[in-house]
Each structure stands twice: as structure tokens, then as C-alpha cells.
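Source file: run.cif. Holds: mmCIF, C-alpha atoms.
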```cif
data_work
#
loop_
_atom_site.group_PDB
_atom_site.id
_atom_site.type_symbol
_atom_site.label_atom_id
_atom_site.label_comp_id
_atom_site.auth_asym_id
_atom_site.auth_seq_id
_atom_site.Cartn_x
_atom_site.Cartn_y
_atom_site.Cartn_z
ATOM 1 C CA MET O 1 -9.979 -7.567 11.114
ATOM 2 C CA GLY O 2 -12.068 -4.514 12.011
ATOM 3 C CA LYS O 3 -14.329 -2.885 9.443
ATOM 4 C CA HIS O 4 -12.507 0.412 9.841
ATOM 5 C CA ASN O 5 -9.111 -0.878 8.740
ATOM 6 C CA LEU O 6 -7.242 1.460 6.417
ATOM 7 C CA ILE O 7 -7.729 0.440 2.781
ATOM 8 C CA PRO O 8 -4.287 0.110 1.123
ATOM 9 C CA LYS O 9 -5.498 1.413 -2.247
ATOM 10 C CA SER O 10 -7.008 4.500 -0.613
ATOM 11 C CA PHE O 11 -3.432 5.756 -0.148
ATOM 12 C CA CYS O 12 -3.674 9.253 -1.629
ATOM 13 C CA GLN O 13 -1.031 11.652 -0.289
ATOM 14 C CA VAL O 14 2.526 12.134 0.958
ATOM 15 C CA GLY O 15 2.912 15.242 3.137
ATOM 16 C CA ILE O 16 6.287 17.000 3.260
ATOM 17 C CA ILE O 17 7.141 19.742 5.753
ATOM 18 C CA VAL O 18 9.276 22.551 4.316
ATOM 19 C CA ASN O 19 10.860 25.748 5.633
ATOM 20 C CA ASP O 20 10.210 27.988 2.638
ATOM 21 C CA ILE O 21 7.411 26.863 0.346
ATOM 22 C CA ASN O 22 8.137 29.395 -2.412
ATOM 23 C CA LYS O 23 11.704 28.147 -2.865
ATOM 24 C CA THR O 24 10.772 24.482 -2.438
ATOM 25 C CA VAL O 25 7.906 24.614 -4.948
ATOM 26 C CA ALA O 26 10.337 26.074 -7.498
ATOM 27 C CA HIS O 27 12.784 23.184 -6.909
ATOM 28 C CA TYR O 28 10.052 20.519 -7.225
ATOM 29 C CA SER O 29 8.726 22.115 -10.411
ATOM 30 C CA LYS O 30 12.194 22.030 -11.971
ATOM 31 C CA ILE O 31 13.026 18.457 -10.907
ATOM 32 C CA PHE O 32 9.665 17.117 -12.134
ATOM 33 C CA GLY O 33 9.452 19.358 -15.207
ATOM 34 C CA VAL O 34 5.978 20.645 -14.317
ATOM 35 C CA PRO O 35 4.476 24.124 -13.819
ATOM 36 C CA LYS O 36 4.526 25.621 -10.325
ATOM 37 C CA PRO O 37 1.210 24.920 -8.580
ATOM 38 C CA GLU O 38 -0.701 27.595 -6.704
ATOM 39 C CA ILE O 39 0.243 28.080 -3.060
ATOM 40 C CA ILE O 40 -2.845 27.815 -0.846
ATOM 41 C CA ILE O 41 -3.224 29.139 2.706
ATOM 42 C CA SER O 42 -5.190 26.946 5.115
ATOM 43 C CA GLY O 43 -8.336 28.407 6.618
ATOM 44 C CA PRO O 44 -8.463 30.603 9.733
ATOM 45 C CA GLU O 45 -9.325 29.172 13.150
ATOM 46 C CA GLU O 46 -13.066 29.888 12.811
ATOM 47 C CA LYS O 47 -13.215 27.837 9.597
ATOM 48 C CA ALA O 48 -10.582 25.142 10.243
ATOM 49 C CA HIS O 49 -11.646 24.390 13.848
ATOM 50 C CA THR O 50 -8.204 22.923 14.398
ATOM 51 C CA LEU O 51 -7.562 20.860 17.523
ATOM 52 C CA TYR O 52 -3.905 20.069 18.246
ATOM 53 C CA ARG O 53 -3.316 17.749 21.195
ATOM 54 C CA ASN O 54 -6.925 18.425 22.225
ATOM 55 C CA MET O 55 -6.380 22.199 22.393
ATOM 56 C CA LYS O 56 -7.850 24.798 20.066
ATOM 57 C CA THR O 57 -5.153 26.451 17.982
ATOM 58 C CA ASP O 58 -4.860 29.050 15.244
ATOM 59 C CA ALA O 59 -2.470 26.737 13.351
ATOM 60 C CA ARG O 60 -2.102 27.706 9.706
ATOM 61 C CA ALA O 61 -0.100 26.331 6.812
ATOM 62 C CA ARG O 62 0.908 27.402 3.320
ATOM 63 C CA MET O 63 0.432 24.404 1.039
ATOM 64 C CA ALA O 64 1.062 23.308 -2.559
ATOM 65 C CA PHE O 65 0.123 20.074 -4.315
ATOM 66 C CA PHE O 66 1.847 18.049 -7.057
ATOM 67 C CA ASP O 67 -0.159 15.367 -8.906
ATOM 68 C CA MET O 68 1.706 12.019 -9.016
ATOM 69 C CA GLY O 69 -1.188 9.829 -10.214
ATOM 70 C CA GLN O 70 -2.905 7.922 -7.391
ATOM 71 C CA VAL O 71 -0.963 10.016 -4.911
ATOM 72 C CA THR O 72 -0.484 13.763 -4.424
ATOM 73 C CA LEU O 73 2.671 15.270 -2.946
ATOM 74 C CA GLU O 74 1.632 17.962 -0.471
ATOM 75 C CA LEU O 75 4.202 20.557 0.569
ATOM 76 C CA ILE O 76 3.431 22.235 3.904
ATOM 77 C CA GLU O 77 5.067 25.319 5.414
ATOM 78 C CA PRO O 78 3.801 25.719 8.982
ATOM 79 C CA SER O 79 2.651 29.138 10.165
ATOM 80 C CA GLY O 80 0.397 30.466 12.907
ATOM 81 C CA GLY O 81 -0.066 28.605 16.201
ATOM 82 C CA PRO O 82 1.031 25.206 17.494
ATOM 83 C CA SER O 83 0.476 22.254 15.153
ATOM 84 C CA THR O 84 1.796 18.807 14.263
ATOM 85 C CA TRP O 85 3.432 20.538 11.277
ATOM 86 C CA ARG O 86 5.321 23.043 13.478
ATOM 87 C CA GLU O 87 6.211 20.304 15.987
ATOM 88 C CA PHE O 88 7.699 18.162 13.191
ATOM 89 C CA LEU O 89 9.705 21.075 11.766
ATOM 90 C CA ASP O 90 11.044 22.032 15.210
ATOM 91 C CA THR O 91 11.905 18.402 16.077
ATOM 92 C CA HIS O 92 13.128 16.929 12.780
ATOM 93 C CA GLY O 93 13.611 19.830 10.386
ATOM 94 C CA PRO O 94 12.128 19.554 6.881
ATOM 95 C CA GLY O 95 11.113 16.052 5.809
ATOM 96 C CA ILE O 96 8.264 13.643 5.133
ATOM 97 C CA HIS O 97 5.636 14.252 7.810
ATOM 98 C CA HIS O 98 2.814 11.843 6.905
ATOM 99 C CA ILE O 99 1.107 9.573 4.437
ATOM 100 C CA ALA O 100 -2.646 9.965 3.976
ATOM 101 C CA PHE O 101 -5.581 7.661 3.272
ATOM 102 C CA LYS O 102 -9.117 8.446 2.197
ATOM 103 C CA THR O 103 -11.776 7.062 4.516
ATOM 104 C CA ASP O 104 -15.569 7.117 4.495
ATOM 105 C CA THR O 105 -15.690 8.335 8.078
ATOM 106 C CA VAL O 106 -12.517 9.678 9.668
ATOM 107 C CA ASP O 107 -14.085 9.518 13.121
ATOM 108 C CA ASN O 108 -14.802 5.777 12.939
ATOM 109 C CA THR O 109 -11.382 5.008 11.496
ATOM 110 C CA ALA O 110 -9.753 7.165 14.187
ATOM 111 C CA LYS O 111 -11.668 5.154 16.836
ATOM 112 C CA PHE O 112 -10.342 1.914 15.290
ATOM 113 C CA MET O 113 -6.823 3.377 15.384
ATOM 114 C CA GLU O 114 -7.256 4.394 19.051
ATOM 115 C CA LYS O 115 -7.928 0.747 19.912
ATOM 116 C CA GLU O 116 -4.571 -0.070 18.322
ATOM 117 C CA ASN O 117 -2.873 2.526 20.557
ATOM 118 C CA ILE O 118 -2.585 5.040 17.686
ATOM 119 C CA HIS O 119 -3.822 8.387 18.984
ATOM 120 C CA VAL O 120 -5.191 11.512 17.329
ATOM 121 C CA VAL O 121 -2.645 14.336 17.405
ATOM 122 C CA GLN O 122 -4.506 16.934 15.315
ATOM 123 C CA LYS O 123 -7.811 17.303 13.535
ATOM 124 C CA GLY O 124 -9.580 19.999 11.574
ATOM 125 C CA GLU O 125 -11.615 20.985 8.559
ATOM 126 C CA TYR O 126 -10.881 22.294 5.085
ATOM 127 C CA THR O 127 -13.113 23.433 2.241
ATOM 128 C CA GLY O 128 -14.840 20.227 1.191
ATOM 129 C CA GLY O 129 -13.804 17.883 3.958
ATOM 130 C CA LYS O 130 -12.144 17.089 7.242
ATOM 131 C CA TYR O 131 -8.909 15.445 8.376
ATOM 132 C CA VAL O 132 -7.422 13.639 11.353
ATOM 133 C CA TYR O 133 -3.708 13.088 11.971
ATOM 134 C CA CYS O 134 -2.996 9.901 13.920
ATOM 135 C CA ASP O 135 0.399 9.508 15.577
ATOM 136 C CA ALA O 136 1.413 5.943 14.702
ATOM 137 C CA GLN O 137 5.115 6.564 15.253
ATOM 138 C CA LYS O 138 5.370 4.019 18.096
ATOM 139 C CA THR O 139 3.750 1.165 16.146
ATOM 140 C CA LEU O 140 4.139 1.965 12.417
ATOM 141 C CA GLY O 141 7.010 4.485 12.593
ATOM 142 C CA ILE O 142 4.912 7.183 10.878
ATOM 143 C CA ILE O 143 2.127 9.745 11.193
ATOM 144 C CA ILE O 144 -1.018 8.786 9.247
ATOM 145 C CA GLU O 145 -3.556 11.305 8.012
ATOM 146 C CA LEU O 146 -7.172 10.296 7.473
ATOM 147 C CA LEU O 147 -9.098 12.340 4.904
ATOM 148 C CA GLN O 148 -12.855 12.503 4.440
ATOM 149 C CA ASP O 149 -14.366 14.395 1.541
ATOM 150 C CA GLU O 150 -17.882 15.700 2.101
ATOM 151 C CA MET N 1 13.311 21.155 -18.800
ATOM 152 C CA GLY N 2 15.885 18.365 -19.080
ATOM 153 C CA LYS N 3 14.955 15.030 -20.600
ATOM 154 C CA HIS N 4 15.928 13.228 -17.408
ATOM 155 C CA ASN N 5 13.399 14.974 -15.166
ATOM 156 C CA LEU N 6 11.607 12.685 -12.773
ATOM 157 C CA ILE N 7 8.212 11.632 -14.155
ATOM 158 C CA PRO N 8 5.526 12.344 -11.494
ATOM 159 C CA LYS N 9 3.440 9.296 -12.407
ATOM 160 C CA SER N 10 6.480 7.010 -12.059
ATOM 161 C CA PHE N 11 6.183 7.504 -8.279
ATOM 162 C CA CYS N 12 6.223 3.904 -7.055
ATOM 163 C CA GLN N 13 7.398 3.552 -3.438
ATOM 164 C CA VAL N 14 7.509 5.027 0.058
ATOM 165 C CA GLY N 15 10.406 3.674 2.130
ATOM 166 C CA ILE N 16 10.049 3.538 5.914
ATOM 167 C CA ILE N 17 12.940 2.801 8.288
ATOM 168 C CA VAL N 18 12.011 0.620 11.263
ATOM 169 C CA ASN N 19 13.785 -0.758 14.309
ATOM 170 C CA ASP N 20 12.183 -4.202 14.394
ATOM 171 C CA ILE N 21 10.697 -5.376 11.119
ATOM 172 C CA ASN N 22 8.953 -8.440 12.579
ATOM 173 C CA LYS N 23 6.959 -6.361 15.061
ATOM 174 C CA THR N 24 6.315 -3.543 12.574
ATOM 175 C CA VAL N 25 5.093 -5.870 9.814
ATOM 176 C CA ALA N 26 2.607 -7.351 12.279
ATOM 177 C CA HIS N 27 1.281 -3.865 13.145
ATOM 178 C CA TYR N 28 0.924 -2.837 9.469
ATOM 179 C CA SER N 29 -0.862 -6.092 8.627
ATOM 180 C CA LYS N 30 -3.362 -5.495 11.414
ATOM 181 C CA ILE N 31 -4.008 -1.823 10.604
ATOM 182 C CA PHE N 32 -4.469 -2.532 6.886
ATOM 183 C CA GLY N 33 -6.272 -5.846 7.348
ATOM 184 C CA VAL N 34 -3.912 -7.727 5.022
ATOM 185 C CA PRO N 35 -1.728 -10.838 5.409
ATOM 186 C CA LYS N 36 1.846 -10.423 6.620
ATOM 187 C CA PRO N 37 4.192 -10.218 3.624
ATOM 188 C CA GLU N 38 7.431 -12.200 3.440
ATOM 189 C CA ILE N 39 10.484 -10.536 4.983
ATOM 190 C CA ILE N 40 13.321 -10.407 2.452
ATOM 191 C CA ILE N 41 17.027 -9.948 3.207
ATOM 192 C CA SER N 42 18.972 -7.773 0.782
ATOM 193 C CA GLY N 43 21.861 -9.388 -1.089
ATOM 194 C CA PRO N 44 25.415 -9.762 0.254
ATOM 195 C CA GLU N 45 28.163 -7.319 -0.720
ATOM 196 C CA GLU N 46 29.341 -9.403 -3.700
ATOM 197 C CA LYS N 47 25.841 -9.285 -5.211
ATOM 198 C CA ALA N 48 24.576 -5.868 -4.081
ATOM 199 C CA HIS N 49 27.814 -3.960 -4.891
ATOM 200 C CA THR N 50 26.640 -1.274 -2.490
ATOM 201 C CA LEU N 51 28.415 2.084 -2.481
ATOM 202 C CA TYR N 52 27.574 4.380 0.439
ATOM 203 C CA ARG N 53 29.106 7.844 0.262
ATOM 204 C CA ASN N 54 31.440 6.473 -2.441
ATOM 205 C CA MET N 55 32.779 3.699 -0.171
ATOM 206 C CA LYS N 56 32.159 -0.028 -0.550
ATOM 207 C CA THR N 57 30.045 -1.354 2.308
ATOM 208 C CA ASP N 58 28.483 -4.620 3.404
ATOM 209 C CA ALA N 59 25.224 -2.768 4.150
ATOM 210 C CA ARG N 60 22.266 -5.118 4.433
ATOM 211 C CA ALA N 61 18.597 -4.657 5.170
ATOM 212 C CA ARG N 62 15.592 -6.765 6.089
ATOM 213 C CA MET N 63 12.673 -5.583 3.966
ATOM 214 C CA ALA N 64 8.935 -6.158 3.524
ATOM 215 C CA PHE N 65 6.533 -4.708 0.971
ATOM 216 C CA PHE N 66 2.853 -3.738 1.163
ATOM 217 C CA ASP N 67 0.921 -3.158 -2.091
ATOM 218 C CA MET N 68 -0.980 0.165 -2.050
ATOM 219 C CA GLY N 69 -1.885 0.333 -5.751
ATOM 220 C CA GLN N 70 0.455 2.562 -7.775
ATOM 221 C CA VAL N 71 2.738 2.735 -4.759
ATOM 222 C CA THR N 72 4.373 0.117 -2.535
ATOM 223 C CA LEU N 73 5.166 0.722 1.126
ATOM 224 C CA GLU N 74 8.646 -0.673 1.807
ATOM 225 C CA LEU N 75 9.648 -1.351 5.407
ATOM 226 C CA ILE N 76 13.424 -1.413 5.949
ATOM 227 C CA GLU N 77 15.317 -2.630 9.028
ATOM 228 C CA PRO N 78 18.999 -1.739 8.589
ATOM 229 C CA SER N 79 21.628 -4.378 9.330
ATOM 230 C CA GLY N 80 25.248 -4.959 8.332
ATOM 231 C CA GLY N 81 27.620 -2.093 7.514
ATOM 232 C CA PRO N 82 27.146 1.662 7.050
ATOM 233 C CA SER N 83 24.226 2.750 4.872
ATOM 234 C CA THR N 84 21.775 5.592 4.300
ATOM 235 C CA TRP N 85 19.265 3.392 6.144
ATOM 236 C CA ARG N 86 21.470 3.098 9.260
ATOM 237 C CA GLU N 87 22.384 6.788 9.088
ATOM 238 C CA PHE N 88 18.687 7.745 9.019
ATOM 239 C CA LEU N 89 17.836 5.452 11.946
ATOM 240 C CA ASP N 90 20.763 6.778 14.012
ATOM 241 C CA THR N 91 19.915 10.416 13.182
ATOM 242 C CA HIS N 92 16.103 10.502 13.127
ATOM 243 C CA GLY N 93 14.915 7.219 14.576
ATOM 244 C CA PRO N 94 12.222 5.264 12.693
ATOM 245 C CA GLY N 95 10.366 7.223 10.013
ATOM 246 C CA ILE N 96 9.820 7.818 6.325
ATOM 247 C CA HIS N 97 13.238 7.633 4.658
ATOM 248 C CA HIS N 98 12.506 8.139 0.952
ATOM 249 C CA ILE N 99 10.086 8.216 -1.927
ATOM 250 C CA ALA N 100 11.039 6.329 -5.091
ATOM 251 C CA PHE N 101 10.544 6.801 -8.817
ATOM 252 C CA LYS N 102 11.042 4.383 -11.708
ATOM 253 C CA THR N 103 13.430 5.648 -14.356
ATOM 254 C CA ASP N 104 14.672 4.223 -17.656
ATOM 255 C CA THR N 105 18.287 4.855 -16.690
ATOM 256 C CA VAL N 106 19.133 5.663 -13.095
ATOM 257 C CA ASP N 107 22.615 6.852 -14.090
ATOM 258 C CA ASN N 108 21.339 9.528 -16.484
ATOM 259 C CA THR N 109 18.679 10.706 -14.044
ATOM 260 C CA ALA N 110 21.287 10.816 -11.260
ATOM 261 C CA LYS N 111 23.494 12.993 -13.525
ATOM 262 C CA PHE N 112 20.539 15.348 -14.069
ATOM 263 C CA MET N 113 20.007 15.472 -10.302
ATOM 264 C CA GLU N 114 23.721 16.219 -9.713
ATOM 265 C CA LYS N 115 23.385 19.320 -11.899
ATOM 266 C CA GLU N 116 20.590 20.438 -9.552
ATOM 267 C CA ASN N 117 22.921 20.005 -6.552
ATOM 268 C CA ILE N 118 21.231 16.732 -5.521
ATOM 269 C CA HIS N 119 23.974 14.195 -4.863
ATOM 270 C CA VAL N 120 24.108 10.400 -4.810
ATOM 271 C CA VAL N 121 24.354 9.083 -1.252
ATOM 272 C CA GLN N 122 24.067 5.337 -1.935
ATOM 273 C CA LYS N 123 23.734 3.010 -4.907
ATOM 274 C CA GLY N 124 23.570 -0.711 -5.434
ATOM 275 C CA GLU N 125 21.947 -3.656 -7.158
ATOM 276 C CA TYR N 126 19.142 -6.080 -6.366
ATOM 277 C CA THR N 127 17.791 -9.120 -8.159
ATOM 278 C CA GLY N 128 16.299 -7.652 -11.318
ATOM 279 C CA GLY N 129 17.517 -4.082 -11.137
ATOM 280 C CA LYS N 130 19.562 -1.313 -9.621
ATOM 281 C CA TYR N 131 18.905 1.710 -7.434
ATOM 282 C CA VAL N 132 20.368 5.083 -6.568
ATOM 283 C CA TYR N 133 19.501 7.158 -3.488
ATOM 284 C CA CYS N 134 19.828 10.915 -4.101
ATOM 285 C CA ASP N 135 20.030 13.215 -1.087
ATOM 286 C CA ALA N 136 17.657 16.053 -1.996
ATOM 287 C CA GLN N 137 17.141 17.138 1.606
ATOM 288 C CA LYS N 138 18.603 20.626 1.011
ATOM 289 C CA THR N 139 16.416 21.418 -2.010
ATOM 290 C CA LEU N 140 13.322 19.169 -1.769
ATOM 291 C CA GLY N 141 13.452 18.251 1.932
ATOM 292 C CA ILE N 142 13.604 14.517 1.138
ATOM 293 C CA ILE N 143 15.720 11.594 -0.053
ATOM 294 C CA ILE N 144 14.686 10.338 -3.519
ATOM 295 C CA GLU N 145 15.350 6.805 -4.722
ATOM 296 C CA LEU N 146 15.683 6.076 -8.430
ATOM 297 C CA LEU N 147 14.805 2.523 -9.496
ATOM 298 C CA GLN N 148 15.700 0.832 -12.774
ATOM 299 C CA ASP N 149 14.333 -2.603 -13.587
ATOM 300 C CA GLU N 150 16.424 -4.682 -15.977
#
```
Can you dump the structure from the file as C-alpha cells?
Amino acid sequence: MGKHNLIPKSFCQVGIIVNDINKTVAHYSKIFGVPKPEIIISGPEEKAHTLYRNMKTDARARMAFFDMGQVTLELIEPSGGPSTWREFLDTHGPGIHHIAFKTDTVDNTAKFMEKENIHVVQKGEYTGGKYVYCDAQKTLGIIIELLQDE
Amino acid sequence: MGKHNLIPKSFCQVGIIVNDINKTVAHYSKIFGVPKPEIIISGPEEKAHTLYRNMKTDARARMAFFDMGQVTLELIEPSGGPSTWREFLDTHGPGIHHIAFKTDTVDNTAKFMEKENIHVVQKGEYTGGKYVYCDAQKTLGIIIELLQDE
């Protein structure tokens, strides 16, 4: 086994694409009996440095997070330019887009994934870290996000 | 808030529909660097008492589980009669079908969900418990499974 395998217990997030984050956050809050979390807007192109299918993009998203213990539910409403989020919404409609794992170095783990024929579909930065989405739909049936806190 | 709200920290499972569980289990084992788990076949109609869209069905599934800490990844290859699993595969192809929560009483939680316009799509029994799938796609963008151990 390679040293950059995903660590099962580093599973930290389920990402859900939604059409209308204000309405959906209200539904989640009611079903789970918890206060509505803040809705956050992802950074602009000059901060996020987003690459989608190897092209620069001004992809944005409105996001909200629900604490479920080890795992956070992340709601994502795509906005702005082309992105894996927008592609998923256009192709599938709302639904579960990815599961995410913390890694020490997203770049090394992404290289390990490439060797397994799992390719990077989007990458970027956020305040405090960076992320890589790997399209594992052909082998694992899912998109996997790698997260690296700085 | 109702007393049968879902409890966020009872989040326990991510269910993934696959076409070929033997091949997919091998891929997951390699990516996560863990041994291949046993593949289990769900019980026959007379044990599972499956109801899909309020109709009796001989729905079956081949399943395998990967331990991720608080949460288990469940791989599901539909077989047998009509089911939410088969419907998802026919409609979306392989992908993340549901997230699951432990509840004290699935029936009471399902009644709470009904009041929120989230309806039961499938229910049944397994060795040691019972489950209910609630179709929350219109409100939460996802299918939620309720699990009750006996």
C-alpha cells in the first residue's frame, strides 16, 4: 500500500449541492433541531485560485456547515463561473456531491490517486487551507475531496 | 423543535450505490490501504419484509462496509426486485445514495419526517434491527436512512 493512501478515520465531510441555500439551511435546521448556521461565500478568484479542469475560473459558492461529530455536512450552492459544483447541479440536480478526507499534503495524496486513475477535477484555496477534488466516479462511484489545513 | 428530530451526532453511515461490488470493494481497499471486507447478501423477502413505495418486494442487495470511525461507508449493489437502490442506479448511475442516522424508534422519527413532507420510500428489517429510507430530496436534497438496532 502506498504511503499516501486515504486514512479512513480522516473522513471529515459530506458535501451536498443545493439550489437555494437559504431555504435548504432552514429545512436542515428544523429537521436536526439546531440553529441556522451562517452562510459563507467562497473567496474571489484572486484569493481562491480555483482551477477547474485545468482552467482558471471565477467559480464561487455559498456554503453552510452543520456539525455532526467527526463529520461536517457542507451545503453548497454554486454561483459564479464553471465548477465541479455547477457541473454536478446541471447534470444530477441537487444531491450528495462528495465526501472529504483530511490529508497532510493534498498534492502528494492527489499524485497517489492519479496513479490509481483518479484525476483532479478542481482545486483551490480557502482561508486556512487548500482543497483538491478528485473524480473517482469510475472506480469508487464518488467524488473525493482532499483537505489540507495550513 | 419536535422530540423526534434527527440527532446530528447519530450520523453513522454513507451509502454508495455501485454496479459491481466485487470490483468496487477492491478499489476502495486499495485507496484506503485496508483489507477487503466480507460481502454480505441482504435477507430474503420472508426475513427482510421489504416495502418499497408501499408494495412488497423481493429487493435484495450485496453489501460491504468500511469503518471510517463514527461513520461507516456502505457499498450497495442492487439485485432482486424493485428498490430505492435499483431506482437510484437506473436514474443516476453509481453514486452516493443516502446518509444514515441511528434513532431510538424509526417509526416515530419517520412520523416526524412525514409532518415535514419527507416521505418513506422503503423500509425493511435486517438481522438485529430495522431501517426506513425517507426521501428528503425535495427539502434537503438527499435520501436519509433511519436505523434502529434491537
Per-residue nearest contacts of region 58-139 of chain O to region 63-74 of chain N (10 Å; all atoms listed in the file) as a tab-separated table:
```
residue	atom	partner	partner_atom	distance
O:Met68	CA	N:Gln70	CA	9.6
O:Gly69	CA	N:Gln70	CA	7.8
O:Gln70	CA	N:Gln70	CA	6.3
O:Val71	CA	N:Gln70	CA	8.1
```
- prompt: Taking all atoms listed in the file into account, which residues of chain N are within 10 Å of chain O, as a ChimeraX atom specification?
  reply: /N:1-12,14,16-19,21,23-34,66-73,75,91-99,112-113,116,118,136-143
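Remark: for Pro44 (chain O), the closest of the candidate residues O:Ala110, O:Ala100, O:Ala61, O:Val132 is O:Ala61 (distances computed over only C-alpha atoms).
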- line: Between CA of Lys115 (chain O) and CA of Ala59 (chain O) lies a distance of 27.4 Å
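Computed from the coordinates, the CA of Glu125 (chain N) to CA of Lys36 (chain N) distance equals 25.3 Å.
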field: Pick from O:Pro78, O:Leu89, O:Leu147, O:Tyr126, whichever lies nearest to Thr105 (chain O) using all atoms listed in the file
entry: O:Leu147
Selected residue, from O:Glu45, O:Gly124, O:Asp149, O:Tyr52, that lies nearest to Glu87 (chain O) when counting only C-alpha atoms: O:Tyr52
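Atom to atom, CA of Thr127 (chain N) and CA of Ser83 (chain N) stand 18.8 Å apart.
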query: Where does the PyMOL selection byres ((chain N and resi 81) around 9) land in this file, that is, which residues does it pick, as a ChimeraX atom specification?
result: /N:57-60,78-80,82-83,86
Nearby residues, (0.4, 12.0, 14.7) file frame, 8 Å, all atoms listed in the file, as a PyMOL selection string: chain O and resi 84+119-122+133-137+142-145
